[in-house]
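**Student:** model-v1.tsv is reproduced in full below (TSV, C-alpha atoms (C1' of nucleotides)).
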chain	number	residue	atom	x	y	z
C	949	MET	CA	0.00	0.00	0.00
C	950	SER	CA	2.97	2.29	0.36
C	951	THR	CA	2.50	4.02	3.66
C	952	PRO	CA	5.04	6.71	4.38
C	953	THR	CA	6.99	6.18	7.55
C	954	SER	CA	8.00	8.03	10.66
C	955	ALA	CA	4.72	7.96	12.54
C	956	ARG	CA	3.61	6.05	15.63
C	957	ARG	CA	6.32	5.80	18.21
C	958	ALA	CA	7.47	2.35	19.29
C	959	LYS	CA	5.37	0.86	22.05
C	960	SER	CA	8.13	-0.84	24.00
C	961	ALA	CA	11.50	0.65	24.73
C	962	PRO	CA	14.07	-1.37	22.77
C	963	ARG	CA	15.89	-3.73	25.06
C	964	THR	CA	18.06	-4.65	22.11
C	965	ALA	CA	21.45	-3.13	21.49
C	966	ARG	CA	21.59	-1.21	18.22
C	967	PRO	CA	24.36	-1.78	15.69
C	968	GLY	CA	27.37	0.49	15.85
C	969	THR	CA	27.36	4.24	15.48
C	970	ALA	CA	28.17	4.19	11.77
C	971	HIS	CA	24.41	4.12	11.13
C	972	ALA	CA	23.27	7.20	13.03
C	973	PRO	CA	19.85	8.49	11.94
C	974	VAL	CA	19.56	11.68	9.92
C	975	PRO	CA	16.96	14.09	11.31
C	976	VAL	CA	14.09	15.09	9.02
C	977	ASP	CA	14.65	18.45	7.36
C	978	GLU	CA	12.57	21.06	9.22
C	979	ARG	CA	11.43	22.63	5.97
C	980	PHE	CA	9.53	19.50	4.99
C	981	ALA	CA	8.48	18.17	8.38
C	982	GLU	CA	4.95	19.59	8.42
C	983	ASP	CA	4.07	18.51	4.90
C	984	LEU	CA	5.48	15.04	5.40
C	985	LYS	CA	3.48	14.76	8.59
C	986	LEU	CA	0.29	15.56	6.70
C	987	TRP	CA	1.14	12.89	4.14
C	988	VAL	CA	1.75	10.38	6.92
C	989	VAL	CA	-1.50	11.05	8.75
C	990	LEU	CA	-3.43	11.05	5.47
C	991	SER	CA	-1.98	7.65	4.57
C	992	ARG	CA	-2.64	6.22	7.98
C	993	ALA	CA	-6.19	7.51	8.16
C	994	TYR	CA	-6.88	6.10	4.71
C	995	ALA	CA	-5.32	2.76	5.62
C	996	ALA	CA	-7.27	2.48	8.86
C	997	ILE	CA	-10.64	3.23	7.25
C	998	ALA	CA	-9.89	1.06	4.22
C	999	ARG	CA	-9.03	-1.80	6.53
C	1000	ARG	CA	-12.37	-1.50	8.27
C	1001	SER	CA	-14.21	-1.17	5.00
C	1002	GLU	CA	-12.50	-4.21	3.53
C	1003	ALA	CA	-13.17	-6.26	6.63
C	1004	ASP	CA	-16.86	-5.51	6.28
C	1005	ILE	CA	-16.92	-6.25	2.56
C	1006	ALA	CA	-14.95	-9.48	2.94
C	1007	ARG	CA	-17.79	-10.93	5.00
C	1008	HIS	CA	-19.69	-11.23	1.73
C	1009	GLU	CA	-16.83	-12.80	-0.23
C	1010	LEU	CA	-16.23	-9.64	-2.22
C	1011	SER	CA	-13.12	-7.58	-2.80
C	1012	SER	CA	-13.27	-3.82	-2.40
C	1013	ALA	CA	-13.00	-3.36	-6.14
C	1014	GLU	CA	-15.90	-5.75	-6.73
C	1015	PHE	CA	-17.97	-3.96	-4.14
C	1016	GLY	CA	-17.12	-0.64	-5.76
C	1017	ILE	CA	-18.49	-1.84	-9.08
C	1018	LEU	CA	-21.67	-3.16	-7.49
C	1019	GLU	CA	-22.15	0.08	-5.60
C	1020	ALA	CA	-21.65	2.19	-8.69
C	1021	LEU	CA	-24.21	0.18	-10.63
C	1022	TYR	CA	-26.62	0.17	-7.70
C	1023	HIS	CA	-26.54	3.91	-7.25
C	1024	LYS	CA	-25.99	5.04	-10.82
C	1025	GLY	CA	-27.70	2.40	-12.94
C	1026	PRO	CA	-26.05	0.73	-15.95
C	1027	LEU	CA	-22.60	2.05	-16.79
C	1028	LEU	CA	-20.20	1.46	-19.64
C	1029	LEU	CA	-17.13	-0.52	-18.60
C	1030	GLY	CA	-14.96	2.50	-19.29
C	1031	GLU	CA	-17.12	4.68	-17.07
C	1032	ILE	CA	-16.74	2.23	-14.21
C	1033	GLN	CA	-13.03	2.03	-14.85
C	1034	ARG	CA	-12.55	5.76	-14.46
C	1035	ARG	CA	-14.83	5.85	-11.45
C	1036	ILE	CA	-13.12	3.18	-9.36
C	1037	LEU	CA	-9.63	3.77	-10.73
C	1038	VAL	CA	-8.61	0.38	-12.04
C	1039	SER	CA	-6.72	-0.52	-15.20
C	1040	SER	CA	-8.41	-1.61	-18.41
C	1041	GLY	CA	-7.39	-5.19	-17.76
C	1042	GLY	CA	-8.67	-4.90	-14.24
C	1043	ILE	CA	-12.18	-3.89	-15.21
C	1044	THR	CA	-12.52	-6.82	-17.60
C	1045	PHE	CA	-11.26	-9.20	-14.93
C	1046	LEU	CA	-13.53	-7.82	-12.23
C	1047	VAL	CA	-16.68	-7.77	-14.35
C	1048	ASP	CA	-15.89	-11.32	-15.48
C	1049	ARG	CA	-15.72	-12.45	-11.90
C	1050	LEU	CA	-18.90	-10.64	-10.87
C	1051	ALA	CA	-20.61	-12.22	-13.87
C	1052	GLU	CA	-19.44	-15.67	-12.77
C	1053	LYS	CA	-20.98	-14.97	-9.39
C	1054	GLY	CA	-24.22	-14.06	-11.13
C	1055	LEU	CA	-24.27	-10.51	-9.77
C	1056	VAL	CA	-23.58	-8.53	-12.95
C	1057	ALA	CA	-24.24	-9.03	-16.64
C	1058	ARG	CA	-22.91	-7.38	-19.78
C	1059	GLU	CA	-25.32	-5.80	-22.24
C	1060	ALA	CA	-24.60	-4.54	-25.72
C	1061	CYS	CA	-24.65	-0.81	-26.29
C	1062	PRO	CA	-27.04	-0.18	-29.20
C	1063	ASN	CA	-25.21	2.92	-30.43
C	1064	ASP	CA	-21.64	1.67	-30.23
C	1065	ARG	CA	-20.88	-1.94	-30.85
C	1066	ARG	CA	-17.44	-1.65	-29.28
C	1067	ALA	CA	-18.91	-0.69	-25.92
C	1068	ARG	CA	-20.62	-2.81	-23.28
C	1069	TYR	CA	-22.82	-1.91	-20.39
C	1070	ALA	CA	-22.46	-3.60	-17.07
C	1071	VAL	CA	-25.82	-3.99	-15.33
C	1072	LEU	CA	-26.81	-5.55	-12.03
C	1073	THR	CA	-28.67	-8.81	-12.28
C	1074	PRO	CA	-31.68	-9.21	-9.98
C	1075	ALA	CA	-29.43	-11.22	-7.67
C	1076	GLY	CA	-26.84	-8.43	-7.67
C	1077	ARG	CA	-29.44	-5.83	-6.91
C	1078	ALA	CA	-30.92	-7.93	-4.12
C	1079	LEU	CA	-27.44	-8.45	-2.64
C	1080	MET	CA	-26.72	-4.73	-2.57
C	1081	LYS	CA	-30.10	-3.98	-1.08
C	1082	ARG	CA	-29.31	-6.44	1.66
C	1083	ILE	CA	-25.70	-5.53	2.46
C	1084	PHE	CA	-25.26	-1.86	1.54
C	1085	PRO	CA	-26.92	-0.30	4.60
C	1086	ALA	CA	-24.73	-2.26	7.00
C	1087	HIS	CA	-21.66	-1.30	5.00
C	1088	ALA	CA	-22.59	2.37	5.14
C	1089	GLU	CA	-22.99	2.04	8.88
C	1090	ALA	CA	-19.58	0.39	9.18
C	1091	ILE	CA	-18.05	3.34	7.35
C	1092	ALA	CA	-19.96	5.80	9.53
C	1093	LYS	CA	-18.68	4.03	12.61
C	1094	ALA	CA	-15.11	4.05	11.32
C	1095	LEU	CA	-15.39	7.81	10.87
C	1096	GLY	CA	-16.79	8.23	14.37
C	1097	GLY	CA	-13.60	9.74	15.78
C	1098	LEU	CA	-14.62	13.11	14.38
C	1099	THR	CA	-17.66	15.17	15.29
C	1100	ARG	CA	-20.17	16.05	12.63
C	1101	ASP	CA	-18.67	19.51	12.20
C	1102	GLU	CA	-15.17	18.10	12.02
C	1103	ARG	CA	-16.28	15.60	9.39
C	1104	ARG	CA	-17.69	18.42	7.31
C	1105	ALA	CA	-14.50	20.43	7.66
C	1106	ALA	CA	-12.44	17.38	6.72
C	1107	THR	CA	-14.61	16.73	3.69
C	1108	ARG	CA	-14.09	20.25	2.43
C	1109	LEU	CA	-10.32	20.16	2.97
C	1110	LEU	CA	-9.88	16.74	1.40
C	1111	ARG	CA	-11.97	17.66	-1.60
C	1112	THR	CA	-9.80	20.69	-2.21
C	1113	LEU	CA	-6.63	18.73	-1.61
C	1114	GLY	CA	-7.63	15.85	-3.86
C	1115	ARG	CA	-8.74	18.06	-6.71
C	1116	ALA	CA	-5.53	20.04	-6.71
C	1117	ALA	CA	-3.37	16.93	-6.49
C	1118	ALA	CA	-5.23	15.22	-9.31
C	1119	GLU	CA	-4.47	18.06	-11.72
C	1120	GLU	CA	-1.86	17.23	-14.29
C	1121	ASP	CA	1.53	18.08	-12.92
C	1122	THR	CA	2.24	21.14	-15.02
C	1123	THR	CA	4.88	22.49	-12.69
C	1124	THR	CA	7.73	20.29	-13.84
C	1125	GLY	CA	9.60	23.32	-15.14
C	1126	THR	CA	10.78	26.08	-12.86
C	1127	GLU	CA	9.48	26.97	-9.40
Q	386	MET	CA	-6.71	0.16	-4.25
Q	387	SER	CA	-10.42	0.03	-3.55
Q	388	THR	CA	-11.67	3.53	-4.13
Q	389	PRO	CA	-15.29	4.05	-3.16
Q	390	THR	CA	-17.48	5.32	-5.94
Q	391	SER	CA	-19.95	8.05	-6.71
Q	392	ALA	CA	-17.62	11.02	-7.11
Q	393	ARG	CA	-16.58	12.99	-10.15
Q	394	ARG	CA	-19.38	13.55	-12.62
Q	395	ALA	CA	-18.98	12.21	-16.14
Q	396	LYS	CA	-17.12	14.54	-18.44
Q	397	SER	CA	-19.16	13.99	-21.60
Q	398	ALA	CA	-22.93	13.72	-21.72
Q	399	PRO	CA	-23.77	10.12	-22.67
Q	400	ARG	CA	-24.75	9.92	-26.31
Q	401	THR	CA	-25.39	6.26	-25.72
Q	402	ALA	CA	-28.85	4.87	-25.03
Q	403	ARG	CA	-29.01	3.20	-21.61
Q	404	PRO	CA	-30.41	-0.30	-21.19
Q	405	GLY	CA	-34.08	-0.64	-20.27
Q	406	THR	CA	-35.76	0.74	-17.21
Q	407	ALA	CA	-35.46	-2.48	-15.21
Q	408	HIS	CA	-32.07	-1.17	-13.99
Q	409	ALA	CA	-33.09	2.18	-12.51
Q	410	PRO	CA	-30.52	3.55	-10.04
Q	411	VAL	CA	-31.30	3.55	-6.32
Q	412	PRO	CA	-30.59	6.91	-4.68
Q	413	VAL	CA	-28.06	6.98	-1.82
Q	414	ASP	CA	-29.71	6.94	1.59
Q	415	GLU	CA	-29.66	10.49	2.97
Q	416	ARG	CA	-28.62	9.25	6.40
Q	417	PHE	CA	-25.29	8.02	5.08
Q	418	ALA	CA	-24.63	10.50	2.30
Q	419	GLU	CA	-22.33	12.83	4.26
Q	420	ASP	CA	-20.19	10.09	5.75
Q	421	LEU	CA	-19.85	8.27	2.46
Q	422	LYS	CA	-18.84	11.52	0.85
Q	423	LEU	CA	-16.05	11.96	3.37
Q	424	TRP	CA	-14.86	8.43	2.66
Q	425	VAL	CA	-14.89	9.15	-1.07
Q	426	VAL	CA	-12.91	12.37	-0.83
Q	427	LEU	CA	-10.46	10.77	1.60
Q	428	SER	CA	-9.85	7.92	-0.82
Q	429	ARG	CA	-9.46	10.19	-3.78
Q	430	ALA	CA	-7.14	12.57	-2.02
Q	431	TYR	CA	-5.00	9.66	-0.85
Q	432	ALA	CA	-4.97	8.13	-4.34
Q	433	ALA	CA	-4.00	11.39	-5.99
Q	434	ILE	CA	-1.11	12.09	-3.61
Q	435	ALA	CA	0.04	8.46	-3.63
Q	436	ARG	CA	0.10	8.56	-7.41
Q	437	ARG	CA	2.35	11.58	-7.38
Q	438	SER	CA	4.56	10.12	-4.72
Q	439	GLU	CA	4.92	6.83	-6.59
Q	440	ALA	CA	5.69	8.61	-9.84
Q	441	ASP	CA	8.54	10.43	-8.13
Q	442	ILE	CA	9.87	7.30	-6.46
Q	443	ALA	CA	9.64	5.22	-9.64
Q	444	ARG	CA	12.22	7.51	-11.26
Q	445	HIS	CA	14.79	5.78	-9.07
Q	446	GLU	CA	13.64	2.23	-9.81
Q	447	LEU	CA	12.13	1.84	-6.37
Q	448	SER	CA	8.66	0.83	-5.24
Q	449	SER	CA	6.90	2.85	-2.57
Q	450	ALA	CA	7.39	0.08	-0.06
Q	451	GLU	CA	11.12	-0.05	-0.79
Q	452	PHE	CA	11.37	3.70	-0.45
Q	453	GLY	CA	9.45	3.51	2.81
Q	454	ILE	CA	12.03	1.13	4.23
Q	455	LEU	CA	14.94	3.26	3.09
Q	456	GLU	CA	13.34	6.36	4.54
Q	457	ALA	CA	12.67	4.70	7.88
Q	458	LEU	CA	16.28	3.56	8.13
Q	459	TYR	CA	17.59	6.92	7.00
Q	460	HIS	CA	15.64	8.90	9.56
Q	461	LYS	CA	15.52	6.41	12.42
Q	462	GLY	CA	18.74	4.44	12.12
Q	463	PRO	CA	18.89	0.62	12.23
Q	464	LEU	CA	15.55	-1.08	12.85
Q	465	LEU	CA	14.51	-4.64	13.51
Q	466	LEU	CA	12.62	-6.19	10.61
Q	467	GLY	CA	9.51	-6.41	12.76
Q	468	GLU	CA	9.74	-2.72	13.62
Q	469	ILE	CA	9.88	-1.81	9.94
Q	470	GLN	CA	7.01	-4.16	9.24
Q	471	ARG	CA	4.72	-2.43	11.72
Q	472	ARG	CA	5.85	0.96	10.53
Q	473	ILE	CA	5.19	0.56	6.84
Q	474	LEU	CA	2.29	-1.87	7.23
Q	475	VAL	CA	3.37	-4.86	5.18
Q	476	SER	CA	3.00	-8.55	5.94
Q	477	SER	CA	5.74	-10.68	7.47
Q	478	GLY	CA	6.42	-12.25	4.10
Q	479	GLY	CA	6.49	-8.82	2.53
Q	480	ILE	CA	9.22	-7.46	4.76
Q	481	THR	CA	11.49	-10.43	4.06
Q	482	PHE	CA	10.92	-10.04	0.34
Q	483	LEU	CA	11.49	-6.29	0.36
Q	484	VAL	CA	14.65	-6.41	2.45
Q	485	ASP	CA	15.97	-9.21	0.24
Q	486	ARG	CA	15.47	-7.04	-2.80
Q	487	LEU	CA	17.02	-3.96	-1.25
Q	488	ALA	CA	19.97	-6.12	-0.20
Q	489	GLU	CA	20.35	-7.36	-3.79
Q	490	LYS	CA	20.47	-3.74	-4.89
Q	491	GLY	CA	23.20	-3.13	-2.35
Q	492	LEU	CA	21.21	-0.50	-0.45
Q	493	VAL	CA	20.47	-2.37	2.78
Q	494	ALA	CA	22.17	-5.11	4.80
Q	495	ARG	CA	21.04	-7.40	7.59
Q	496	GLU	CA	22.91	-7.42	10.86
Q	497	ALA	CA	22.58	-9.84	13.74
Q	498	CYS	CA	20.97	-8.59	16.93
Q	499	PRO	CA	23.38	-9.38	19.76
Q	500	ASN	CA	20.66	-9.78	22.39
Q	501	ASP	CA	18.18	-11.86	20.42
Q	502	ARG	CA	19.36	-14.36	17.89
Q	503	ARG	CA	15.93	-14.61	16.30
Q	504	ALA	CA	15.95	-10.97	15.34
Q	505	ARG	CA	17.77	-9.10	12.58
Q	506	TYR	CA	18.49	-5.46	12.07
Q	507	ALA	CA	18.18	-3.85	8.72
Q	508	VAL	CA	20.79	-1.12	8.22
Q	509	LEU	CA	21.55	1.19	5.32
Q	510	THR	CA	24.73	0.44	3.46
Q	511	PRO	CA	26.89	3.43	2.54
Q	512	ALA	CA	25.35	3.23	-0.93
Q	513	GLY	CA	21.85	3.25	0.53
Q	514	ARG	CA	22.61	6.21	2.72
Q	515	ALA	CA	24.15	8.10	-0.20
Q	516	LEU	CA	21.12	7.35	-2.35
Q	517	MET	CA	18.72	8.71	0.24
Q	518	LYS	CA	20.84	11.77	0.78
Q	519	ARG	CA	20.66	12.39	-2.94
Q	520	ILE	CA	16.97	11.71	-3.62
Q	521	PHE	CA	15.08	12.42	-0.42
Q	522	PRO	CA	14.98	16.23	-0.63
Q	523	ALA	CA	13.46	16.15	-4.12
Q	524	HIS	CA	10.93	13.60	-2.94
Q	525	ALA	CA	9.93	15.76	0.00
Q	526	GLU	CA	9.47	18.66	-2.39
Q	527	ALA	CA	7.32	16.54	-4.69
Q	528	ILE	CA	5.07	15.73	-1.74
Q	529	ALA	CA	4.96	19.37	-0.69
Q	530	LYS	CA	3.97	20.33	-4.20
Q	531	ALA	CA	1.26	17.67	-4.31
Q	532	LEU	CA	-0.17	19.14	-1.11
Q	533	GLY	CA	-0.07	22.64	-2.54
Q	534	GLY	CA	-3.83	22.86	-3.02
Q	535	LEU	CA	-4.21	23.78	0.63
Q	536	THR	CA	-2.86	26.83	2.42
Q	537	ARG	CA	-0.50	26.37	5.32
Q	538	ASP	CA	-3.30	26.87	7.83
Q	539	GLU	CA	-5.52	24.44	5.99
Q	540	ARG	CA	-2.75	21.87	5.93
Q	541	ARG	CA	-2.37	22.21	9.68
Q	542	ALA	CA	-6.10	21.84	10.19
Q	543	ALA	CA	-6.16	18.81	7.92
Q	544	THR	CA	-3.25	17.23	9.79
Q	545	ARG	CA	-5.06	17.60	13.09
Q	546	LEU	CA	-8.34	16.17	11.75
Q	547	LEU	CA	-6.69	13.26	9.98
Q	548	ARG	CA	-4.61	12.36	13.00
Q	549	THR	CA	-7.74	12.22	15.14
Q	550	LEU	CA	-9.62	10.29	12.48
Q	551	GLY	CA	-6.86	7.78	11.89
Q	552	ARG	CA	-6.24	7.11	15.55
Q	553	ALA	CA	-9.90	6.47	16.26
Q	554	ALA	CA	-10.31	4.24	13.21
Q	555	ALA	CA	-7.22	2.21	14.07
Q	556	GLU	CA	-8.62	1.30	17.48
Q	557	GLU	CA	-9.82	-2.24	17.76
Q	558	ASP	CA	-13.45	-2.42	16.74
Q	559	THR	CA	-14.95	-2.95	20.17
Q	560	THR	CA	-18.43	-1.84	19.16
Q	561	THR	CA	-19.55	-5.06	17.52
Q	562	GLY	CA	-22.17	-5.59	20.19
Q	563	THR	CA	-25.05	-3.20	20.74
Q	564	GLU	CA	-25.21	0.51	19.83
O	980	DG	C1'	16.60	-28.39	33.80
O	981	DC	C1'	12.26	-28.98	31.13
O	982	DA	C1'	7.94	-28.02	29.09
O	983	DT	C1'	5.02	-24.38	27.40
O	984	DT	C1'	4.04	-20.45	25.25
O	985	DA	C1'	5.40	-16.37	22.78
O	986	DT	C1'	8.04	-14.04	19.27
O	987	DA	C1'	11.06	-13.00	14.88
O	988	DT	C1'	11.95	-14.25	10.63
O	989	DC	C1'	11.62	-17.04	6.51
O	990	DT	C1'	9.30	-20.13	2.95
O	991	DC	C1'	5.93	-20.93	-0.29
O	992	DA	C1'	1.67	-20.95	-2.69
O	993	DG	C1'	-1.85	-18.02	-4.08
O	994	DT	C1'	-4.14	-13.57	-5.56
O	995	DA	C1'	-5.31	-9.11	-7.32
O	996	DC	C1'	-4.27	-6.50	-9.77
O	997	DA	C1'	-1.10	-3.28	-13.60
O	998	DG	C1'	0.18	-2.42	-18.19
O	999	DA	C1'	1.40	-3.43	-22.98
O	1000	DG	C1'	-0.35	-4.95	-26.90
O	1001	DA	C1'	-4.24	-7.12	-29.81
O	1002	DT	C1'	-8.87	-6.92	-31.61
O	1003	DA	C1'	-13.07	-4.86	-33.05
O	1004	DC	C1'	-15.51	-1.09	-33.97
O	1005	DT	C1'	-16.43	4.02	-34.89
O	1006	DT	C1'	-15.59	8.56	-36.80
O	1007	DA	C1'	-13.76	11.88	-39.95
O	1008	DG	C1'	-11.77	13.20	-44.16
O	1009	DC	C1'	-11.25	12.57	-48.84
K	639	DG	C1'	-16.40	3.63	-50.56
K	640	DC	C1'	-11.70	3.82	-48.59
K	641	DT	C1'	-8.18	5.12	-45.46
K	642	DA	C1'	-6.46	6.77	-41.18
K	643	DA	C1'	-6.91	7.81	-36.62
K	644	DG	C1'	-9.30	7.26	-32.35
K	645	DT	C1'	-11.61	4.49	-28.78
K	646	DA	C1'	-13.64	0.36	-25.92
K	647	DT	C1'	-12.75	-3.87	-24.52
K	648	DC	C1'	-10.13	-8.07	-24.05
K	649	DT	C1'	-5.85	-11.07	-23.66
K	650	DC	C1'	-1.78	-12.18	-21.58
K	651	DT	C1'	2.37	-11.75	-19.00
K	652	DG	C1'	4.50	-9.99	-15.03
K	653	DT	C1'	4.85	-8.24	-10.27
K	654	DA	C1'	4.14	-6.97	-5.58
K	655	DC	C1'	2.37	-8.25	-2.51
K	656	DT	C1'	-0.75	-11.39	1.42
K	657	DG	C1'	-1.26	-15.00	4.75
K	658	DA	C1'	-0.65	-19.65	6.51
K	659	DG	C1'	2.58	-22.48	8.13
K	660	DA	C1'	7.64	-23.76	9.27
K	661	DT	C1'	11.79	-22.93	11.84
K	662	DA	C1'	14.62	-21.05	15.33
K	663	DT	C1'	15.08	-18.77	19.43
K	664	DA	C1'	13.50	-16.62	23.82
K	665	DA	C1'	10.92	-16.11	28.12
K	666	DT	C1'	8.21	-18.04	31.79
K	667	DG	C1'	6.60	-21.27	35.21
K	668	DC	C1'	7.33	-25.43	37.46
Kindly present the structure from the file in structure tokens form.
**Tutor:**
Amino acid sequence: MSTPTSARRAKSAPRTARPGTAHAPVPVDERFAEDLKLWVVLSRAYAAIARRSEADIARHELSSAEFGILEALYHKGPLLLGEIQRRILVSSGGITFLVDRLAEKGLVAREACPNDRRARYAVLTPAGRALMKRIFPAHAEAIAKALGGLTRDERRAATRLLRTLGRAAAEEDTTTGTE
Amino acid sequence: MSTPTSARRAKSAPRTARPGTAHAPVPVDERFAEDLKLWVVLSRAYAAIARRSEADIARHELSSAEFGILEALYHKGPLLLGEIQRRILVSSGGITFLVDRLAEKGLVAREACPNDRRARYAVLTPAGRALMKRIFPAHAEAIAKALGGLTRDERRAATRLLRTLGRAAAEEDTTTGTE
DNA sequence: GCATTATATCTCAGTACAGAGATACTTAGC
DNA sequence: GCTAAGTATCTCTGTACTGAGATATAATGC
């Protein structure tokens, strides 16, 4: 998952002798410390919530990516494979693989697009729709509980900040030149 | 990566006829909408920054997990494999694999722990230390740039909120009973 | 000392993807 | 109609992991 380091202090004082002094640590440059800290706490918050979310989803024998597809179809209706791909951020090979597997499970079906014979819709089967109707509310509650460390106002503030942050970071990196 | 859905509206209006009305979308339950939105923007912000971070790291033929190990050793000095494992959140098999590969590249070495013959330290080799000295500042700047969508005050506010959020979510889920 | 339990690392099989290229179709220009 | 370029999906190979179990050592209680 690629979590940046240097958070969470060790629980137990090391009773183990460290290797010789040739390996002394280099302190983190003050100029970057605050920004790196934000990146660390962002990663750790994401990892902690994702872990909870995945644990909930795994109870139904689904991966997070599979659940993401089902949720998109449940809340948005039929979507082209490419639309789903952009929405849940998987590769082109990934979307084919995932829809194949959901189709094997009988939860999703492909339908031809009448206007473009290259394209395919993914649609929920009745079984897929029934599954989501059954499991989605509990999943939403699991997420709500995982976010329970913040008050309602704090959650709103966090949403605003993260939306701004994410939008800016998703922009194409045009600043490769000077500055 | 498991990004939750239902963000980012489609760029182009669909010129494609949707499949029949049997697949009508189900609106998101109002009770959960705000919390799910926070989870979506958190995931997207994380994904966007991680993407930038990985792009920077990949220039040096390193994965994010490898870089995480190097950074931990650079800033903290020698660490037991288990300490690194908890810090960067990989599995026990993963840490063995990653340290093996960094050792093959000549960046890291294992050293015996004098007090516990089960345990091993990972330490930076001179080459590993020189590499980090060379590439870490540019990496820190890449992260800082990726976070540039927020002002300094906003970044501080976000750090505080995410730290609180992450800590609460990382707690063991004790609320499986009532409530 | 000896058995029991805990801990640190390693081994190995399995999995979920990513990403490059192939295929099939559409669109635009001539 | 024909060609060229663009796009949607699929195929296939490769990779970075995860997680269960194995091995070696340590700590604890008797």
**Student:** Nearest residue to Arg1115 of chain C out of Q:Ile480, Q:Leu474, Q:Ala432, Q:Leu492, using all atoms listed in the file?
**Tutor:**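 Looking at the shortest contact to Arg1115 of chain C, the residue is Q:Ala432.
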**Student:** Interatomic distance between atom CA of Gly551 of chain Q and atom CA of Phe452 of chain Q?
**Tutor:**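 These two atoms are separated by 22.4 Å.
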**Student:** Which residues come within 10 Å of Phe1084 of chain C, counting all atoms listed in the file, excluding same-chain residues fewer than 4 positions away, as a list in words?
**Tutor:** Ile1005, Phe1015, Leu1018, Glu1019, Tyr1022, Leu1079, Met1080, Ala1088, Glu1089 and Ala1090 of chain C; Val413 and Asp414 of chain Q
**Student:** How would you write as a ChimeraX atom specification the residues that get within 7 Å of (13.6, -14.3, 19.1) in the file's frame, counting all atoms listed in the file?
**Tutor:** /Q:501-504 /O:986-987 /K:663-664
**Student:** Using only C-alpha atoms, can you tell me which of C:Gly1076, C:Gly1042, C:Gly1097, C:Pro1085 comes closest to chain Q?
**Tutor:**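 Closest residue, counting only C-alpha atoms: C:Gly1097.
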**Student:** Within 12 Å of chain O, which residues of chain Q are there when counting all atoms listed in the file? Please give them as a list in words.
**Tutor:**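 Every residue meeting the condition is included here: Met386, Ser387, Leu465, Leu466, Gly467, Glu468, Gln470, Ser476, Ser477, Gly478, Gly479, Ile480, Thr481, Phe482, Val484, Asp485, Arg495, Ala497, Cys498, Asp501, Arg502, Arg503, Ala504, Arg505 and Tyr506 of chain Q.
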**Student:** If we count only C-alpha atoms (C1' of nucleotides) and set the cut-off at 12 Å, which residues sit around Ala418 of chain Q, ignoring sequence neighbours fewer than 5 positions away in its own chain? Please answer as a PyMOL selection string.
**Tutor:** (chain C and resi 1023+1085+1088-1089+1091-1092+1104+1107) or (chain Q and resi 391-392+412-413+423-425)
**Student:** Might you pull out every residue within 7 Å of Ala494 of chain Q, with only C-alpha atoms (C1' of nucleotides) counted and same-chain residues fewer than 2 positions away left off, and present them as JSON, numbers by chain?
**Tutor:** {"Q": [488, 496, 507, 508, 509, 510]}
**Student:** Chain K residues within 8 Å of chain C, counting all atoms listed in the file: which ones, as an mmCIF file with C-alpha atoms (C1' of nucleotides), in the frame of the given file?
**Tutor:**
data_model
loop_
_atom_site.group_PDB
_atom_site.id
_atom_site.type_symbol
_atom_site.label_atom_id
_atom_site.label_comp_id
_atom_site.auth_asym_id
_atom_site.auth_seq_id
_atom_site.Cartn_x
_atom_site.Cartn_y
_atom_site.Cartn_z
ATOM 1 C "C1'" DA K 646 -13.640 0.360 -25.920
ATOM 2 C "C1'" DT K 647 -12.750 -3.870 -24.520
ATOM 3 C "C1'" DC K 648 -10.130 -8.070 -24.050
#
**Student:** Let me make sure I understand: among C:Leu1021, C:Ile1083, C:Ala1078, C:Ala1006, which one has the smallest atom-to-atom distance to chain Q if we use all atoms listed in the file?
**Tutor:**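 Nearest to chain Q: C:Leu1021.
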**Student:** So, with all atoms listed in the file as the atoms that count, which of C:Ala1117, C:Leu1050, C:Leu1010, C:Ala1003 lies closest to chain Q?
**Tutor:**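 Closest residue, counting all atoms listed in the file: C:Ala1117.
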**Student:** Any idea what the distance is between atom C1' of DT641 of chain K and atom CA of Asn1063 of chain C?
**Tutor:**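 Going from atom C1' of DT641 of chain K over to atom CA of Asn1063 of chain C covers 22.8 Å.
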